[in-house]
Amino acid sequence: MKLKILFFVIIIVFFLISIFIFFQKADEDKNPEVILKPEIIQQTESKKINGDSLLVQVNKQYCLPQDYVPSGLVHISEYGIPETKDFLLRKIVMPDLEAMVDQAKQDGVELRIISAYRSYQNQIETYNYWVDQLGLEEASRQSALPGCSQHQLGTAVDFNELEFSFTYTSAGIWLSKNAWQYGWVISFPLNSESITGYAYEPWHYRYIGKDNALKMQKSGLILSKFLEENN
Ligand SMILES: [Zn+2]
C-alpha cells in the first residue's frame, strides 16, 4: 500500500514539474531573447560607427553598440515643448525643434512629443512590447532591434500619435510640408519599405541639421539613400 502511495506521489510531482517547464517555455516564446545577429555586430564594429554624427546610418544593417549613449542629452521639459513624459534629446537638436514647434503653434498646429531618446535597454522593452502585441514578423516591420533604433541616437522623435491616420491630421500635414526647413526629415516614408525595411511611419522624424535637410530635399532622395550617399 505504502509503495502505491509513493508511486502516486512521484507521478504527481513529475506531472507538476512538466506543467512548470511547459509554461516556462511558453513564456520564453512570447518574449524571445533579443540578441543581435553576429553579422550585424561585425558590421557595426567594422564601420566604426560614430553615433554622434548627424548623418550616421542606423538601420537593420548598421546598428549602434550596446553601450552607445549620445553626447549632450537634455530634458525636453526645459524647453517647454509639449510631451507625454519626461523625454531626453541631444542639445544640438533643440534650437531647431523649438523653432519648429513654435512656428507650428503659430499656424494653429500642436506638435507633441510622444517618444524621443531611447536607450539600448529601453529599446529591448519597446521591441518586446511590439512582439507581444503584433507577433515577431509584424513587430520587425514596425520596431527596431535594440542597437538598431534611431531613437538611441537622441536625434529622433515620434510626434502626436502612432497611427497611419496621423498623415491626414493638421500636424501630420504640417510636418510633411515644413519639418525639413528646421532640419527634421521623415525616416520611413510611404512605399519605401523595400529600402528602409520598415513600414510607413508618418510620426517618426530624425534631425540631420538644416543644411543637410535642404541638400536632401533638393536631391529628392529618401533619408536612408541620402545617408548612404553621404557616408
Ligand atoms: Zn520612432
# chains A, B, ... in the order shown; residues from 1 in each chain; ligands from 1
>>> residues_near_ligand(ligand="ligand 1", cutoff="9 Å", atoms="only C-alpha atoms and all ligand atoms", output="PyMOL selection string")
chain A and resi 115-116+143+149-151+156-159+162+187+201+203-206
>>> residues_around(residues="Val58 of chain A", least_positions_apart="6", cutoff="9 Å", atoms="only C-alpha atoms", output="number ranges by chain")
A: 51, 64, 147-150, 153, 224
>>> write_last_selection(atoms="all heavy atoms", output="PDB file, in the first residue's frame")
ATOM      1  N   GLY A  51      28.144  57.434 -33.481  1.00  0.00           N
ATOM      2  CA  GLY A  51      26.731  57.756 -33.294  1.00  0.00           C
ATOM      3  C   GLY A  51      26.475  59.240 -33.194  1.00  0.00           C
ATOM      4  O   GLY A  51      25.366  59.698 -33.462  1.00  0.00           O
ATOM      5  N   LEU A  64      24.015  50.422 -33.554  1.00  0.00           N
ATOM      6  CA  LEU A  64      24.881  51.093 -32.584  1.00  0.00           C
ATOM      7  C   LEU A  64      25.332  50.113 -31.506  1.00  0.00           C
ATOM      8  O   LEU A  64      24.605  49.183 -31.168  1.00  0.00           O
ATOM      9  CB  LEU A  64      24.114  52.242 -31.919  1.00  0.00           C
ATOM     10  CG  LEU A  64      23.676  53.360 -32.867  1.00  0.00           C
ATOM     11  CD1 LEU A  64      22.547  54.170 -32.258  1.00  0.00           C
ATOM     12  CD2 LEU A  64      24.866  54.254 -33.180  1.00  0.00           C
ATOM     13  N   GLY A 147      19.751  48.635 -30.386  1.00  0.00           N
ATOM     14  CA  GLY A 147      21.004  48.981 -31.065  1.00  0.00           C
ATOM     15  C   GLY A 147      20.747  49.477 -32.475  1.00  0.00           C
ATOM     16  O   GLY A 147      21.540  50.217 -33.032  1.00  0.00           O
ATOM     17  N   CYS A 148      19.637  49.061 -33.060  1.00  0.00           N
ATOM     18  CA  CYS A 148      19.362  49.406 -34.459  1.00  0.00           C
ATOM     19  C   CYS A 148      18.284  50.475 -34.572  1.00  0.00           C
ATOM     20  O   CYS A 148      17.760  50.715 -35.661  1.00  0.00           O
ATOM     21  CB  CYS A 148      18.953  48.157 -35.232  1.00  0.00           C
ATOM     22  SG  CYS A 148      20.049  46.764 -34.938  1.00  0.00           S
ATOM     23  N   SER A 149      17.947  51.108 -33.453  1.00  0.00           N
ATOM     24  CA  SER A 149      16.900  52.130 -33.486  1.00  0.00           C
ATOM     25  C   SER A 149      17.502  53.525 -33.562  1.00  0.00           C
ATOM     26  O   SER A 149      18.458  53.844 -32.842  1.00  0.00           O
ATOM     27  CB  SER A 149      16.048  52.042 -32.223  1.00  0.00           C
ATOM     28  OG  SER A 149      15.188  53.171 -32.141  1.00  0.00           O
ATOM     29  N   GLN A 150      16.912  54.377 -34.403  1.00  0.00           N
ATOM     30  CA  GLN A 150      17.362  55.771 -34.489  1.00  0.00           C
ATOM     31  C   GLN A 150      17.079  56.517 -33.188  1.00  0.00           C
ATOM     32  O   GLN A 150      17.704  57.539 -32.907  1.00  0.00           O
ATOM     33  CB  GLN A 150      16.660  56.473 -35.649  1.00  0.00           C
ATOM     34  CG  GLN A 150      17.041  55.899 -37.002  1.00  0.00           C
ATOM     35  CD  GLN A 150      16.368  56.620 -38.155  1.00  0.00           C
ATOM     36  OE1 GLN A 150      15.542  57.512 -37.967  1.00  0.00           O
ATOM     37  NE2 GLN A 150      16.703  56.215 -39.367  1.00  0.00           N
ATOM     38  N   LEU A 153      19.928  57.390 -30.972  1.00  0.00           N
ATOM     39  CA  LEU A 153      20.804  58.500 -31.355  1.00  0.00           C
ATOM     40  C   LEU A 153      20.509  59.775 -30.561  1.00  0.00           C
ATOM     41  O   LEU A 153      21.326  60.690 -30.516  1.00  0.00           O
ATOM     42  CB  LEU A 153      20.632  58.813 -32.843  1.00  0.00           C
ATOM     43  CG  LEU A 153      21.121  57.766 -33.843  1.00  0.00           C
ATOM     44  CD1 LEU A 153      20.635  58.116 -35.248  1.00  0.00           C
ATOM     45  CD2 LEU A 153      22.644  57.673 -33.795  1.00  0.00           C
ATOM     46  N   SER A 224      17.302  57.248 -45.949  1.00  0.00           N
ATOM     47  CA  SER A 224      18.206  56.098 -45.970  1.00  0.00           C
ATOM     48  C   SER A 224      19.199  56.171 -47.142  1.00  0.00           C
ATOM     49  O   SER A 224      20.401  55.942 -46.979  1.00  0.00           O
ATOM     50  CB  SER A 224      17.346  54.839 -46.033  1.00  0.00           C
ATOM     51  OG  SER A 224      18.081  53.767 -46.418  1.00  0.00           O
TER      52      SER A 224
END
>>> closest_residue(among="A:Arg112, A:Lys218, A:His75, A:Lys85", to="Met100 of chain A", atoms="only C-alpha atoms")
A:Arg112
>>> residues_around(residues="Gly80 of chain A", least_positions_apart="4", cutoff="10 Å", atoms="only C-alpha atoms", output="ChimeraX atom specification")
/A:75-76,98,101
>>> residues_around(residues="segment 172-182 of chain A", least_positions_apart="4", cutoff="6 Å", atoms="only C-alpha atoms", output="PDB file with all heavy atoms, in the first residue's frame")
ATOM      1  N   ASP A  96      16.396  74.138 -33.226  1.00  0.00           N
ATOM      2  CA  ASP A  96      15.546  73.981 -34.406  1.00  0.00           C
ATOM      3  C   ASP A  96      14.213  73.306 -34.057  1.00  0.00           C
ATOM      4  O   ASP A  96      13.191  73.603 -34.669  1.00  0.00           O
ATOM      5  CB  ASP A  96      16.280  73.187 -35.498  1.00  0.00           C
ATOM      6  CG  ASP A  96      17.367  74.040 -36.165  1.00  0.00           C
ATOM      7  OD1 ASP A  96      17.222  75.282 -36.168  1.00  0.00           O
ATOM      8  OD2 ASP A  96      18.355  73.474 -36.667  1.00  0.00           O
ATOM      9  N   PHE A 166      -2.356  59.645 -38.845  1.00  0.00           N
ATOM     10  CA  PHE A 166      -1.642  60.877 -38.496  1.00  0.00           C
ATOM     11  C   PHE A 166      -1.301  61.668 -39.759  1.00  0.00           C
ATOM     12  O   PHE A 166      -1.264  62.900 -39.755  1.00  0.00           O
ATOM     13  CB  PHE A 166      -0.367  60.553 -37.701  1.00  0.00           C
ATOM     14  CG  PHE A 166       0.445  61.763 -37.345  1.00  0.00           C
ATOM     15  CD1 PHE A 166      -0.077  62.771 -36.543  1.00  0.00           C
ATOM     16  CD2 PHE A 166       1.747  61.920 -37.823  1.00  0.00           C
ATOM     17  CE1 PHE A 166       0.662  63.902 -36.217  1.00  0.00           C
ATOM     18  CE2 PHE A 166       2.498  63.037 -37.500  1.00  0.00           C
ATOM     19  CZ  PHE A 166       1.958  64.036 -36.700  1.00  0.00           C
ATOM     20  N   THR A 167      -1.075  60.927 -40.848  1.00  0.00           N
ATOM     21  CA  THR A 167      -0.781  61.536 -42.153  1.00  0.00           C
ATOM     22  C   THR A 167      -1.768  62.651 -42.506  1.00  0.00           C
ATOM     23  O   THR A 167      -1.387  63.663 -43.070  1.00  0.00           O
ATOM     24  CB  THR A 167      -0.928  60.462 -43.274  1.00  0.00           C
ATOM     25  OG1 THR A 167      -0.237  59.304 -42.862  1.00  0.00           O
ATOM     26  CG2 THR A 167      -0.388  60.951 -44.604  1.00  0.00           C
ATOM     27  N   LYS A 210      19.785  71.659 -40.644  1.00  0.00           N
ATOM     28  CA  LYS A 210      19.109  72.393 -41.730  1.00  0.00           C
ATOM     29  C   LYS A 210      19.804  72.241 -43.084  1.00  0.00           C
ATOM     30  O   LYS A 210      19.154  72.028 -44.104  1.00  0.00           O
ATOM     31  CB  LYS A 210      19.050  73.879 -41.376  1.00  0.00           C
ATOM     32  CG  LYS A 210      17.935  74.246 -40.421  1.00  0.00           C
ATOM     33  CD  LYS A 210      17.978  75.754 -40.251  1.00  0.00           C
ATOM     34  CE  LYS A 210      16.997  76.244 -39.219  1.00  0.00           C
ATOM     35  NZ  LYS A 210      17.174  77.673 -38.971  1.00  0.00           N
ATOM     36  N   ALA A 213      19.296  68.803 -44.478  1.00  0.00           N
ATOM     37  CA  ALA A 213      17.889  68.600 -44.859  1.00  0.00           C
ATOM     38  C   ALA A 213      17.590  69.306 -46.184  1.00  0.00           C
ATOM     39  O   ALA A 213      16.854  68.782 -47.024  1.00  0.00           O
ATOM     40  CB  ALA A 213      16.964  69.098 -43.762  1.00  0.00           C
TER      41      ALA A 213
END
